[in-house]
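Visitor: Pasting in a structure now, in structure tokens, and then I'll have a few things to ask.
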Amino acid sequence: MTPERNVRCAAMRVEYDASHDLAYVYLREIEPRGVAKTVTVLAEPPDTGTYGIHLDFDHEGRLVGIDVDGVTSRRLPPELLAAAKRL
């Protein structure tokens, strides 16, 4: 089976803060209990907060969101940022 590249999820949404070049991709609505765990998968340079990708998981271990910090405009597809809610 070939994976579908243009899959859309009804709950997925993106928020983008151009002034700080940050984006958050909501893969599902975050429940009132919030995010249980955040895993940093990439940080350049390490521990500076300049650039990073962080995965947020809920209390059931489901991936609920992706936080992209710094140089977002060069790392995310332009069509994704064009459709994002501006903060």
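Chain labels run A, B, ... following the order of the structure tokens; each chain numbers its residues from 1, and ligands are numbered from 1 in the order shown.
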Excluding Ile30 of chain A and any residue of its chain fewer than 6 positions from it, enumerate the residues within 9 Å of it, using only C-alpha atoms, and give them as a PyMOL selection string.

Guide: chain A and resi 58+64-65

Visitor: How would the residues just chosen look if you wrote them out with C-alpha atoms as a PDB file, in the first residue's frame?

Guide:
ATOM      1  CA  ASP A  58      -1.247  13.722  25.851  1.00  0.00           C
ATOM      2  CA  VAL A  64      -1.201  15.993  19.876  1.00  0.00           C
ATOM      3  CA  GLY A  65       1.059  18.701  18.503  1.00  0.00           C
TER       4      GLY A  65
END

Visitor: So, with only C-alpha atoms as the atoms that count, which of A:Asp21, A:Gly70, A:Leu27, A:Ala84 lies closest to Tyr51 of chain A?

Guide: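 Once distances to Tyr51 of chain A are computed over only C-alpha atoms, the minimum belongs to A:Gly70.
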
Visitor: I'd like the interatomic distance between atom CA of Lys37 of chain A and atom CA of Thr72 of chain A, to a tenth of an Å.

Guide: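 Spanning atom CA of Lys37 of chain A to atom CA of Thr72 of chain A is a straight-line distance of 22.2 Å.
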